[in-house]
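Colleague: Got a structure for you, run_35.cif, holding mmCIF, C-alpha atoms.
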```
data_input
loop_
_atom_site.group_PDB
_atom_site.id
_atom_site.type_symbol
_atom_site.label_atom_id
_atom_site.label_comp_id
_atom_site.auth_asym_id
_atom_site.auth_seq_id
_atom_site.Cartn_x
_atom_site.Cartn_y
_atom_site.Cartn_z
ATOM 1 C CA MET B 12 76.393 63.094 -84.226
ATOM 2 C CA VAL B 13 75.132 60.778 -86.969
ATOM 3 C CA GLY B 14 77.769 58.206 -87.842
ATOM 4 C CA HIS B 15 79.622 58.649 -84.562
ATOM 5 C CA LYS B 16 79.392 56.567 -81.396
ATOM 6 C CA LEU B 17 77.503 57.749 -78.333
ATOM 7 C CA ILE B 18 79.178 56.696 -75.081
ATOM 8 C CA THR B 19 77.359 57.226 -71.784
ATOM 9 C CA LYS B 20 76.840 55.354 -68.508
ATOM 10 C CA GLN B 21 73.875 53.577 -70.141
ATOM 11 C CA THR B 22 75.696 52.325 -73.269
ATOM 12 C CA PRO B 23 78.219 49.499 -73.710
ATOM 13 C CA LYS B 24 81.854 50.500 -73.232
ATOM 14 C CA ASP B 25 82.359 50.831 -76.982
ATOM 15 C CA GLY B 26 79.259 52.993 -77.293
ATOM 16 C CA ILE B 27 76.342 52.832 -79.731
ATOM 17 C CA LEU B 28 76.454 54.058 -83.315
ATOM 18 C CA VAL B 29 74.158 57.043 -83.796
ATOM 19 C CA LYS B 30 71.815 56.523 -86.748
ATOM 20 C CA LYS B 31 69.009 58.912 -85.845
ATOM 21 C CA VAL B 32 68.790 62.242 -84.062
ATOM 22 C CA MET B 33 65.610 63.568 -82.486
ATOM 23 C CA VAL B 34 65.160 67.320 -82.813
ATOM 24 C CA ALA B 35 63.029 68.936 -80.094
ATOM 25 C CA ASP B 36 62.116 72.443 -78.984
ATOM 26 C CA SER B 37 64.697 74.192 -76.868
ATOM 27 C CA ILE B 38 63.233 75.236 -73.544
ATOM 28 C CA ASN B 39 64.566 77.321 -70.698
ATOM 29 C CA ILE B 40 64.291 75.360 -67.466
ATOM 30 C CA VAL B 41 64.044 77.251 -64.210
ATOM 31 C CA ARG B 42 63.413 74.272 -61.935
ATOM 32 C CA GLU B 43 63.656 70.470 -62.219
ATOM 33 C CA THR B 44 61.619 67.813 -60.405
ATOM 34 C CA TYR B 45 61.463 64.018 -60.598
ATOM 35 C CA LEU B 46 58.440 61.822 -61.295
ATOM 36 C CA SER B 47 58.082 58.127 -62.058
ATOM 37 C CA ILE B 48 55.306 55.542 -62.182
ATOM 38 C CA VAL B 49 56.315 51.920 -61.754
ATOM 39 C CA MET B 50 54.704 48.546 -61.233
ATOM 40 C CA ASP B 51 55.663 47.511 -57.721
ATOM 41 C CA ARG B 52 55.396 43.968 -56.333
ATOM 42 C CA GLU B 53 55.306 45.152 -52.738
ATOM 43 C CA HIS B 54 52.183 47.223 -53.421
ATOM 44 C CA ASN B 55 50.709 44.750 -55.932
ATOM 45 C CA GLY B 56 50.236 47.479 -58.487
ATOM 46 C CA PRO B 57 51.469 50.863 -59.711
ATOM 47 C CA VAL B 58 53.102 53.395 -57.444
ATOM 48 C CA LEU B 59 53.978 57.012 -58.142
ATOM 49 C CA ILE B 60 57.373 58.208 -56.930
ATOM 50 C CA ALA B 61 58.025 61.935 -56.782
ATOM 51 C CA SER B 62 60.768 64.280 -55.633
ATOM 52 C CA PRO B 63 61.237 68.035 -55.943
ATOM 53 C CA ASP B 64 64.942 67.303 -56.489
ATOM 54 C CA GLY B 65 64.961 66.408 -60.181
ATOM 55 C CA GLY B 66 67.742 66.376 -62.749
ATOM 56 C CA MET B 67 69.977 64.229 -60.554
ATOM 57 C CA ASP B 68 70.460 60.625 -59.461
ATOM 58 C CA ILE B 69 67.254 59.689 -57.628
ATOM 59 C CA GLU B 70 69.085 56.919 -55.736
ATOM 60 C CA ALA B 71 71.363 59.550 -54.235
ATOM 61 C CA VAL B 72 68.334 61.587 -53.172
ATOM 62 C CA ALA B 73 66.790 58.506 -51.536
ATOM 63 C CA GLU B 74 69.981 57.836 -49.595
ATOM 64 C CA GLU B 75 70.891 61.361 -48.574
ATOM 65 C CA THR B 76 67.484 63.082 -48.173
ATOM 66 C CA PRO B 77 64.758 60.413 -48.007
ATOM 67 C CA ASP B 78 62.224 62.984 -46.808
ATOM 68 C CA ARG B 79 62.446 64.544 -50.284
ATOM 69 C CA ILE B 80 60.881 61.475 -51.905
ATOM 70 C CA LYS B 81 57.190 60.612 -51.796
ATOM 71 C CA THR B 82 55.781 57.208 -52.766
ATOM 72 C CA ILE B 83 52.050 56.930 -53.459
ATOM 73 C CA PRO B 84 50.282 53.632 -54.303
ATOM 74 C CA ILE B 85 47.725 54.024 -57.082
ATOM 75 C CA ASN B 86 44.493 52.033 -57.282
ATOM 76 C CA ILE B 87 44.856 49.984 -60.459
ATOM 77 C CA THR B 88 41.082 50.005 -60.975
ATOM 78 C CA SER B 89 40.208 53.663 -60.428
ATOM 79 C CA GLY B 90 43.572 55.164 -61.356
ATOM 80 C CA ILE B 91 45.110 58.330 -59.966
ATOM 81 C CA SER B 92 42.596 60.744 -58.423
ATOM 82 C CA ARG B 93 42.616 64.484 -59.042
ATOM 83 C CA GLN B 94 43.381 65.107 -55.398
ATOM 84 C CA GLN B 95 46.364 62.742 -55.526
ATOM 85 C CA ALA B 96 47.683 64.543 -58.604
ATOM 86 C CA ILE B 97 47.321 67.946 -56.920
ATOM 87 C CA ASP B 98 48.977 66.671 -53.723
ATOM 88 C CA VAL B 99 51.922 65.401 -55.757
ATOM 89 C CA ALA B 100 52.176 68.715 -57.637
ATOM 90 C CA ARG B 101 52.336 70.574 -54.333
ATOM 91 C CA PHE B 102 54.938 68.151 -52.974
ATOM 92 C CA LEU B 103 56.981 68.858 -56.105
ATOM 93 C CA GLU B 104 56.824 72.517 -54.995
ATOM 94 C CA PHE B 105 54.897 73.899 -57.943
ATOM 95 C CA LYS B 106 53.182 77.154 -57.017
ATOM 96 C CA GLY B 107 50.056 79.058 -58.065
ATOM 97 C CA PRO B 108 48.604 78.127 -61.483
ATOM 98 C CA LEU B 109 51.461 75.676 -62.054
ATOM 99 C CA ILE B 110 49.875 73.323 -59.496
ATOM 100 C CA GLU B 111 46.970 72.620 -61.841
ATOM 101 C CA LYS B 112 49.278 72.358 -64.854
ATOM 102 C CA ALA B 113 51.539 69.893 -63.054
ATOM 103 C CA ALA B 114 48.513 67.878 -61.887
ATOM 104 C CA ASP B 115 47.305 67.721 -65.507
ATOM 105 C CA GLU B 116 50.703 66.453 -66.646
ATOM 106 C CA ILE B 117 50.791 63.838 -63.872
ATOM 107 C CA THR B 118 47.300 62.626 -64.780
ATOM 108 C CA LYS B 119 48.222 62.377 -68.469
ATOM 109 C CA LEU B 120 51.386 60.447 -67.634
ATOM 110 C CA TYR B 121 49.389 57.886 -65.671
ATOM 111 C CA GLY B 122 46.993 57.595 -68.610
ATOM 112 C CA LEU B 123 49.962 56.928 -70.880
ATOM 113 C CA PHE B 124 51.297 54.385 -68.389
ATOM 114 C CA THR B 125 48.142 52.270 -68.642
ATOM 115 C CA LYS B 126 47.528 52.875 -72.358
ATOM 116 C CA VAL B 127 50.885 51.487 -73.490
ATOM 117 C CA ASP B 128 51.138 48.697 -70.873
ATOM 118 C CA ALA B 129 54.200 50.271 -69.295
ATOM 119 C CA VAL B 130 55.890 48.856 -66.227
ATOM 120 C CA GLN B 131 57.885 52.054 -65.752
ATOM 121 C CA ILE B 132 57.674 55.669 -66.841
ATOM 122 C CA GLU B 133 60.448 57.850 -65.458
ATOM 123 C CA ILE B 134 60.451 61.601 -66.067
ATOM 124 C CA ASN B 135 63.660 63.291 -65.045
ATOM 125 C CA PRO B 136 63.245 66.156 -65.157
ATOM 126 C CA LEU B 137 59.606 67.154 -64.980
ATOM 127 C CA ALA B 138 60.508 70.771 -65.502
ATOM 128 C CA GLU B 139 59.138 74.205 -64.819
ATOM 129 C CA THR B 140 59.999 76.623 -67.642
ATOM 130 C CA ASP B 141 60.591 80.344 -67.667
ATOM 131 C CA ASP B 142 57.352 80.919 -69.589
ATOM 132 C CA GLY B 143 55.167 79.136 -67.009
ATOM 133 C CA ARG B 144 54.864 75.663 -68.469
ATOM 134 C CA VAL B 145 55.299 72.193 -66.927
ATOM 135 C CA ILE B 146 57.041 69.864 -69.380
ATOM 136 C CA SER B 147 58.281 66.277 -69.325
ATOM 137 C CA VAL B 148 61.740 66.997 -70.680
ATOM 138 C CA ASP B 149 63.367 63.559 -70.536
ATOM 139 C CA ALA B 150 61.611 60.205 -70.318
ATOM 140 C CA LYS B 151 62.439 56.558 -69.900
ATOM 141 C CA LEU B 152 59.758 53.925 -70.564
ATOM 142 C CA ASN B 153 59.801 50.166 -70.042
ATOM 143 C CA PHE B 154 57.009 47.949 -71.341
ATOM 144 C CA ASP B 155 55.384 44.723 -70.211
ATOM 145 C CA ASP B 156 56.651 41.949 -72.511
ATOM 146 C CA ASN B 157 53.407 40.078 -71.933
ATOM 147 C CA ALA B 158 51.522 42.917 -73.646
ATOM 148 C CA GLU B 159 53.412 42.631 -76.931
ATOM 149 C CA PHE B 160 50.340 41.169 -78.647
ATOM 150 C CA ARG B 161 48.443 44.455 -78.180
ATOM 151 C CA GLN B 162 51.390 46.857 -78.373
ATOM 152 C CA LYS B 163 52.816 45.640 -81.671
ATOM 153 C CA ASP B 164 53.709 49.100 -82.947
ATOM 154 C CA ILE B 165 55.773 49.812 -79.837
ATOM 155 C CA PHE B 166 57.618 46.496 -79.839
ATOM 156 C CA ALA B 167 58.301 46.846 -83.578
ATOM 157 C CA MET B 168 60.543 49.806 -82.695
ATOM 158 C CA GLU B 169 62.865 47.646 -80.619
ATOM 159 C CA VAL B 170 66.450 47.708 -81.865
ATOM 160 C CA HIS B 171 68.470 44.483 -81.591
ATOM 161 C CA GLU B 172 71.750 45.461 -83.195
ATOM 162 C CA ASP B 173 73.484 45.941 -79.844
ATOM 163 C CA THR B 174 71.953 42.855 -78.218
ATOM 164 C CA ASP B 175 73.699 39.489 -77.953
ATOM 165 C CA PRO B 176 72.282 37.326 -80.814
ATOM 166 C CA LYS B 177 71.897 34.451 -78.351
ATOM 167 C CA GLU B 178 69.577 36.576 -76.221
ATOM 168 C CA ILE B 179 67.480 37.459 -79.256
ATOM 169 C CA GLU B 180 67.225 33.817 -80.319
ATOM 170 C CA ALA B 181 66.309 32.753 -76.777
ATOM 171 C CA SER B 182 63.491 35.304 -76.576
ATOM 172 C CA LYS B 183 61.901 33.796 -79.690
ATOM 173 C CA TYR B 184 61.386 30.586 -77.707
ATOM 174 C CA ASN B 185 60.309 32.314 -74.470
ATOM 175 C CA LEU B 186 63.646 31.571 -72.839
ATOM 176 C CA ASN B 187 65.296 34.138 -70.576
ATOM 177 C CA TYR B 188 69.009 34.091 -71.402
ATOM 178 C CA ILE B 189 71.837 36.403 -70.381
ATOM 179 C CA ALA B 190 75.423 35.615 -71.346
ATOM 180 C CA MET B 191 78.194 35.796 -68.752
ATOM 181 C CA GLU B 192 81.938 35.173 -68.817
ATOM 182 C CA GLY B 193 82.221 31.707 -67.242
ATOM 183 C CA ASN B 194 82.514 28.208 -68.691
ATOM 184 C CA ILE B 195 79.672 26.241 -67.058
ATOM 185 C CA GLY B 196 76.436 26.536 -68.995
ATOM 186 C CA CYS B 197 73.297 26.590 -66.841
ATOM 187 C CA LEU B 198 69.771 25.464 -67.733
ATOM 188 C CA VAL B 199 67.352 26.125 -64.889
ATOM 189 C CA ASN B 200 63.635 26.694 -64.356
ATOM 190 C CA GLY B 201 62.805 29.826 -62.382
ATOM 191 C CA ALA B 202 64.796 33.029 -62.000
ATOM 192 C CA GLY B 203 65.416 32.557 -58.281
ATOM 193 C CA LEU B 204 66.687 29.017 -58.731
ATOM 194 C CA ALA B 205 68.841 30.166 -61.646
ATOM 195 C CA MET B 206 70.466 32.798 -59.437
ATOM 196 C CA ALA B 207 71.011 30.245 -56.663
ATOM 197 C CA THR B 208 72.545 27.823 -59.167
ATOM 198 C CA MET B 209 75.052 30.436 -60.290
ATOM 199 C CA ASP B 210 75.907 31.226 -56.670
ATOM 200 C CA ILE B 211 76.530 27.562 -55.807
ATOM 201 C CA ILE B 212 78.744 27.155 -58.876
ATOM 202 C CA LYS B 213 80.812 30.137 -57.703
ATOM 203 C CA LEU B 214 80.984 28.786 -54.144
ATOM 204 C CA ASN B 215 82.416 25.547 -55.515
ATOM 205 C CA GLY B 216 85.139 27.352 -57.440
ATOM 206 C CA GLY B 217 83.460 27.443 -60.851
ATOM 207 C CA SER B 218 82.172 30.220 -63.062
ATOM 208 C CA PRO B 219 78.711 30.278 -64.697
ATOM 209 C CA ALA B 220 78.606 31.009 -68.416
ATOM 210 C CA ASN B 221 75.060 32.307 -68.403
ATOM 211 C CA PHE B 222 71.717 32.883 -66.773
ATOM 212 C CA LEU B 223 69.069 30.726 -68.492
ATOM 213 C CA ASP B 224 65.536 30.400 -67.151
ATOM 214 C CA VAL B 225 63.342 28.062 -69.228
ATOM 215 C CA GLY B 226 60.202 29.046 -67.314
ATOM 216 C CA GLY B 227 57.394 26.990 -65.847
ATOM 217 C CA ASN B 228 55.701 25.763 -69.008
ATOM 218 C CA VAL B 229 58.724 24.494 -70.910
ATOM 219 C CA LYS B 230 58.343 22.051 -73.818
ATOM 220 C CA GLU B 231 60.834 19.615 -75.354
ATOM 221 C CA ASP B 232 61.579 21.854 -78.336
ATOM 222 C CA GLN B 233 62.511 24.669 -75.940
ATOM 223 C CA VAL B 234 64.951 22.371 -74.151
ATOM 224 C CA LEU B 235 66.600 21.584 -77.511
ATOM 225 C CA LYS B 236 66.851 25.289 -78.339
ATOM 226 C CA ALA B 237 68.264 26.003 -74.875
ATOM 227 C CA PHE B 238 71.022 23.415 -75.433
ATOM 228 C CA GLN B 239 71.769 24.874 -78.862
ATOM 229 C CA ILE B 240 72.103 28.353 -77.390
ATOM 230 C CA LEU B 241 74.306 27.126 -74.542
ATOM 231 C CA THR B 242 76.685 25.249 -76.824
ATOM 232 C CA SER B 243 76.888 28.125 -79.290
ATOM 233 C CA ASP B 244 79.013 29.819 -76.623
ATOM 234 C CA THR B 245 82.524 28.492 -77.260
ATOM 235 C CA ASN B 246 83.468 29.197 -73.634
ATOM 236 C CA VAL B 247 81.063 26.530 -72.372
ATOM 237 C CA LYS B 248 82.992 23.437 -71.248
ATOM 238 C CA ALA B 249 80.220 21.753 -69.233
ATOM 239 C CA ILE B 250 76.458 22.050 -68.829
ATOM 240 C CA LEU B 251 74.537 21.892 -65.559
ATOM 241 C CA VAL B 252 70.777 21.313 -65.665
ATOM 242 C CA ASN B 253 69.010 22.133 -62.405
ATOM 243 C CA VAL B 254 65.229 21.710 -62.432
ATOM 244 C CA PHE B 255 62.800 21.732 -59.544
ATOM 245 C CA GLY B 256 59.518 20.566 -61.012
ATOM 246 C CA GLY B 257 56.559 22.295 -59.449
ATOM 247 C CA ILE B 258 54.685 23.341 -62.542
ATOM 248 C CA VAL B 259 57.376 21.824 -64.753
ATOM 249 C CA ASN B 260 57.097 18.094 -65.466
ATOM 250 C CA CYS B 261 60.550 16.601 -64.903
ATOM 251 C CA ALA B 262 59.803 13.887 -67.490
ATOM 252 C CA THR B 263 59.364 16.609 -70.124
ATOM 253 C CA ILE B 264 62.765 18.014 -69.214
ATOM 254 C CA ALA B 265 64.323 14.543 -69.275
ATOM 255 C CA ASN B 266 62.897 13.755 -72.712
ATOM 256 C CA GLY B 267 64.110 17.126 -73.938
ATOM 257 C CA ILE B 268 67.594 16.492 -72.574
ATOM 258 C CA VAL B 269 67.823 13.076 -74.222
ATOM 259 C CA SER B 270 66.506 14.379 -77.531
ATOM 260 C CA ALA B 271 68.841 17.386 -77.500
ATOM 261 C CA THR B 272 71.887 15.314 -76.579
ATOM 262 C CA LYS B 273 71.243 12.866 -79.413
ATOM 263 C CA THR B 274 70.308 15.519 -81.969
ATOM 264 C CA MET B 275 73.355 17.668 -81.251
ATOM 265 C CA ASN B 276 75.828 14.887 -80.480
ATOM 266 C CA LEU B 277 76.713 16.809 -77.339
ATOM 267 C CA GLN B 278 80.464 16.856 -76.702
ATOM 268 C CA VAL B 279 80.700 18.540 -73.293
ATOM 269 C CA PRO B 280 80.039 16.973 -69.864
ATOM 270 C CA LEU B 281 76.375 17.103 -68.847
ATOM 271 C CA ILE B 282 75.321 17.112 -65.205
ATOM 272 C CA VAL B 283 71.624 16.903 -64.348
ATOM 273 C CA ARG B 284 69.816 17.447 -61.088
ATOM 274 C CA LEU B 285 66.053 16.926 -61.185
ATOM 275 C CA GLU B 286 63.560 17.135 -58.340
ATOM 276 C CA GLY B 287 59.785 17.440 -58.074
ATOM 277 C CA THR B 288 56.895 16.453 -60.325
ATOM 278 C CA ASN B 289 57.337 13.051 -62.005
ATOM 279 C CA VAL B 290 61.001 12.935 -61.007
ATOM 280 C CA GLN B 291 61.252 9.125 -60.793
ATOM 281 C CA ALA B 292 59.987 8.736 -64.346
ATOM 282 C CA ALA B 293 62.422 11.447 -65.438
ATOM 283 C CA LYS B 294 65.391 9.708 -63.812
ATOM 284 C CA LYS B 295 64.404 6.447 -65.487
ATOM 285 C CA ILE B 296 64.344 8.173 -68.881
ATOM 286 C CA LEU B 297 67.877 9.457 -68.340
ATOM 287 C CA GLU B 298 69.161 6.108 -67.070
ATOM 288 C CA GLN B 299 67.701 4.160 -69.984
ATOM 289 C CA SER B 300 68.960 6.601 -72.605
ATOM 290 C CA GLY B 301 72.428 5.083 -72.656
ATOM 291 C CA LEU B 302 73.907 8.572 -72.846
ATOM 292 C CA LYS B 303 76.758 10.010 -70.802
ATOM 293 C CA ILE B 304 74.618 12.007 -68.410
ATOM 294 C CA GLU B 305 75.909 12.537 -64.878
ATOM 295 C CA SER B 306 73.095 12.657 -62.319
ATOM 296 C CA ALA B 307 73.222 14.504 -59.008
ATOM 297 C CA HIS B 308 71.027 14.201 -55.918
ATOM 298 C CA ASP B 309 71.159 17.859 -54.930
ATOM 299 C CA LEU B 310 72.361 21.210 -56.228
ATOM 300 C CA ASP B 311 75.611 21.251 -54.261
ATOM 301 C CA GLU B 312 76.597 17.840 -55.633
ATOM 302 C CA ALA B 313 75.626 18.945 -59.137
ATOM 303 C CA ALA B 314 77.757 22.074 -58.913
ATOM 304 C CA LYS B 315 80.753 20.134 -57.596
ATOM 305 C CA LYS B 316 80.478 17.608 -60.427
ATOM 306 C CA ALA B 317 80.176 20.377 -63.011
ATOM 307 C CA VAL B 318 83.294 22.134 -61.694
ATOM 308 C CA GLN B 319 85.265 18.888 -61.474
ATOM 309 C CA SER B 320 84.283 17.836 -65.008
ATOM 310 C CA ILE B 321 86.239 20.675 -66.604
#
```
Please express the file's structure as structure tokens.
Modeller:
Amino acid sequence: MVGHKLITKQTPKDGILVKKVMVADSINIVRETYLSIVMDREHNGPVLIASPDGGMDIEAVAEETPDRIKTIPINITSGISRQQAIDVARFLEFKGPLIEKAADEITKLYGLFTKVDAVQIEINPLAETDDGRVISVDAKLNFDDNAEFRQKDIFAMEVHEDTDPKEIEASKYNLNYIAMEGNIGCLVNGAGLAMATMDIIKLNGGSPANFLDVGGNVKEDQVLKAFQILTSDTNVKAILVNVFGGIVNCATIANGIVSATKTMNLQVPLIVRLEGTNVQAAKKILEQSGLKIESAHDLDEAAKKAVQSI
């Protein structure tokens, strides 16, 4: 395996070069179940999701046999209770002494979940073996990026070789960037607004080159870095800035835009739509800059101008 490419549904089309192989005990599985713990917005905290139908696509189980899935909210303060763990073990159809063993494993998994600041632990399968053990055979863990400061050893294991360099650079400046295949670069504050911006561009016949959320506490140096990342994509033929300033000060964005445009000698059309906190001061900054910056009153107008500028 080492030196060859691994190609699965979870890898890029070209696969990932295998550099390490984990060797584990071989076990004989007699039954597979599914267990996951995830942070859930709807429940404002962790929930445990369990199904006796493990080893398969859990989405298919949810669609075809929803009664075979149990969702249990967990109190973030007190954690999972022993009775909850036992109830889940029984729902997973463990019998006899395996109920206590499964409950122990479930309790330990929740302890791991909180210890490592996970936002998801998925065990598929949580297996019953032929020698009477309950083992987490395969696991997927996702971690809270905001906890990096106290989970340094975990985040140090992150591998970037298969990640777009622009995404890595963006993360260093707390920018959320995902490259796409279009030609209109987008700089937006807020994930929801960024998604809406891409949709409006598409509705007006254009194609977004990226998702880029600068967040709610953006500074001028982050705006400069955002422009540098956008223009490093040779497909970008125009840039659309769409900012609704609630927490964000529009004047900060405007100063950042002016500074970035001058510093980089920007060569592609720039369309800016600003609204919200300190917007009049921001518009004045753009107007007095003397730069070729096309302003728009609303998002639809901004998208149309961006598409027409190419």
Colleague: Running the PyMOL selection byres ((chain B and resi 229-234) around 10) on this model by hand, what would come out? Give it as a PyMOL selection string.
Modeller: chain B and resi 181+183-186+198+200+224-228+235-240+258-260+262-271
Colleague: To one decimal place, how far is atom CA of Gly56 of chain B from atom CA of Glu178 of chain B in Å?
Modeller: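 Distance reported for this atom pair: 28.4 Å.
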Colleague: When you count all atoms listed in the file, which of these residues is closest to Leu46 of chain B: B:Gly201, B:Gly143, B:Pro136, B:Gly14?
Modeller: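 Among the listed residues, B:Pro136 lies closest to Leu46 of chain B.
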Colleague: Give me the result of the PyMOL selection byres ((chain B and resi 310-312) around 9) on this file, residue by residue, as a PDB file with C-alpha atoms, in the coordinates of the input.
Modeller:
```pdb
ATOM      1  CA  THR B 208      72.545  27.823 -59.167  1.00  0.00           C
ATOM      2  CA  ILE B 211      76.530  27.562 -55.807  1.00  0.00           C
ATOM      3  CA  ILE B 212      78.744  27.155 -58.876  1.00  0.00           C
ATOM      4  CA  ASN B 215      82.416  25.547 -55.515  1.00  0.00           C
ATOM      5  CA  ASN B 253      69.010  22.133 -62.405  1.00  0.00           C
ATOM      6  CA  ARG B 284      69.816  17.447 -61.088  1.00  0.00           C
ATOM      7  CA  ALA B 307      73.222  14.504 -59.008  1.00  0.00           C
ATOM      8  CA  HIS B 308      71.027  14.201 -55.918  1.00  0.00           C
ATOM      9  CA  ASP B 309      71.159  17.859 -54.930  1.00  0.00           C
ATOM     10  CA  ALA B 313      75.626  18.945 -59.137  1.00  0.00           C
ATOM     11  CA  ALA B 314      77.757  22.074 -58.913  1.00  0.00           C
ATOM     12  CA  LYS B 315      80.753  20.134 -57.596  1.00  0.00           C
ATOM     13  CA  LYS B 316      80.478  17.608 -60.427  1.00  0.00           C
ATOM     14  CA  ALA B 317      80.176  20.377 -63.011  1.00  0.00           C
TER      15      ALA B 317
END
```
Colleague: As a check of understanding, name the residues that the PyMOL selection byres ((chain B and resi 88-90) around 12) selects in the supplied structure, as a PyMOL selection string.
Modeller: chain B and resi 48+56-59+83-87+91-96+117-126
Colleague: Restricting the calculation to all atoms listed in the file, which member of B:Lys30, B:Ile179, B:Ile97, B:Lys24 is positioned closest to Met12 of chain B?
Modeller: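 Of B:Lys30, B:Ile179, B:Ile97, B:Lys24, the one nearest Met12 of chain B, counting all atoms listed in the file, is B:Lys30.
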Colleague: By how many Å are atom CA of Asp210 of chain B and atom CA of Val290 of chain B apart?
Modeller: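 Answer for the atom CA of Asp210 of chain B to atom CA of Val290 of chain B separation: 24.0 Å.
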Colleague: Go ahead and compute the interatomic distance for atom CA of Ser300 of chain B and atom CA of Thr274 of chain B, in Å to one decimal.
Modeller: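 Value for the atom CA of Ser300 of chain B-atom CA of Thr274 of chain B distance: 13.0 Å.
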Colleague: Can you build me a table of segment 94-187 of chain B residues sitting at most 8 Å from segment 60-82 of chain B, with the closest atom pair per residue and its distance in Å to one decimal, using only C-alpha atoms, sorted by chain and residue number, as CSV?
Modeller:
```
residue,atom,partner,partner_atom,distance
B:Val99,CA,B:Ala61,CA,7.1
B:Phe102,CA,B:Pro63,CA,7.0
B:Leu103,CA,B:Pro63,CA,4.3
B:Glu104,CA,B:Pro63,CA,6.4
B:Asn135,CA,B:Gly66,CA,5.6
B:Pro136,CA,B:Gly66,CA,5.1
B:Leu137,CA,B:Gly65,CA,7.2
```
Colleague: Taking all atoms of segment 263-273 of chain B that appear in the file, build a box with edges along x, y and z, extend it by 5 Å on every side, and state its centre and edge lengths in Å to one decimal, as JSON.
Modeller:
```
{"center_x": 65.6, "center_y": 15.4, "center_z": -74.3, "size_x": 22.5, "size_y": 15.1, "size_z": 20.2}
```
Colleague: What would the file be for segment 34-58 of chain B if you keep C-alpha atoms and write it as a short mmCIF file (atom, residue, chain, number, x, y, z; two decimals), in the first residue's frame?
Modeller:
```
data_model
loop_
_atom_site.label_atom_id
_atom_site.label_comp_id
_atom_site.auth_asym_id
_atom_site.auth_seq_id
_atom_site.Cartn_x
_atom_site.Cartn_y
_atom_site.Cartn_z
CA VAL B 34 -1.62 -2.02 11.80
CA ALA B 35 -4.40 -3.14 14.16
CA ASP B 36 -5.62 -6.39 15.70
CA SER B 37 -7.77 -8.53 13.46
CA ILE B 38 -11.13 -9.19 15.05
CA ASN B 39 -14.02 -11.41 14.09
CA ILE B 40 -17.20 -9.34 13.95
CA VAL B 41 -20.51 -11.07 14.50
CA ARG B 42 -22.71 -7.96 14.54
CA GLU B 43 -22.31 -4.28 13.60
CA THR B 44 -24.06 -1.25 15.08
CA TYR B 45 -23.76 2.51 14.53
CA LEU B 46 -23.02 5.21 17.10
CA SER B 47 -22.16 8.88 16.78
CA ILE B 48 -21.98 11.93 19.03
CA VAL B 49 -22.30 15.32 17.36
CA MET B 50 -22.73 18.94 18.31
CA ASP B 51 -26.21 19.87 17.13
CA ARG B 52 -27.49 23.44 16.71
CA GLU B 53 -31.12 22.39 16.98
CA HIS B 54 -30.52 20.92 20.44
CA ASN B 55 -27.95 23.56 21.46
CA GLY B 56 -25.48 20.90 22.46
CA PRO B 57 -24.35 17.31 21.90
CA VAL B 58 -26.67 14.58 20.73
#
```
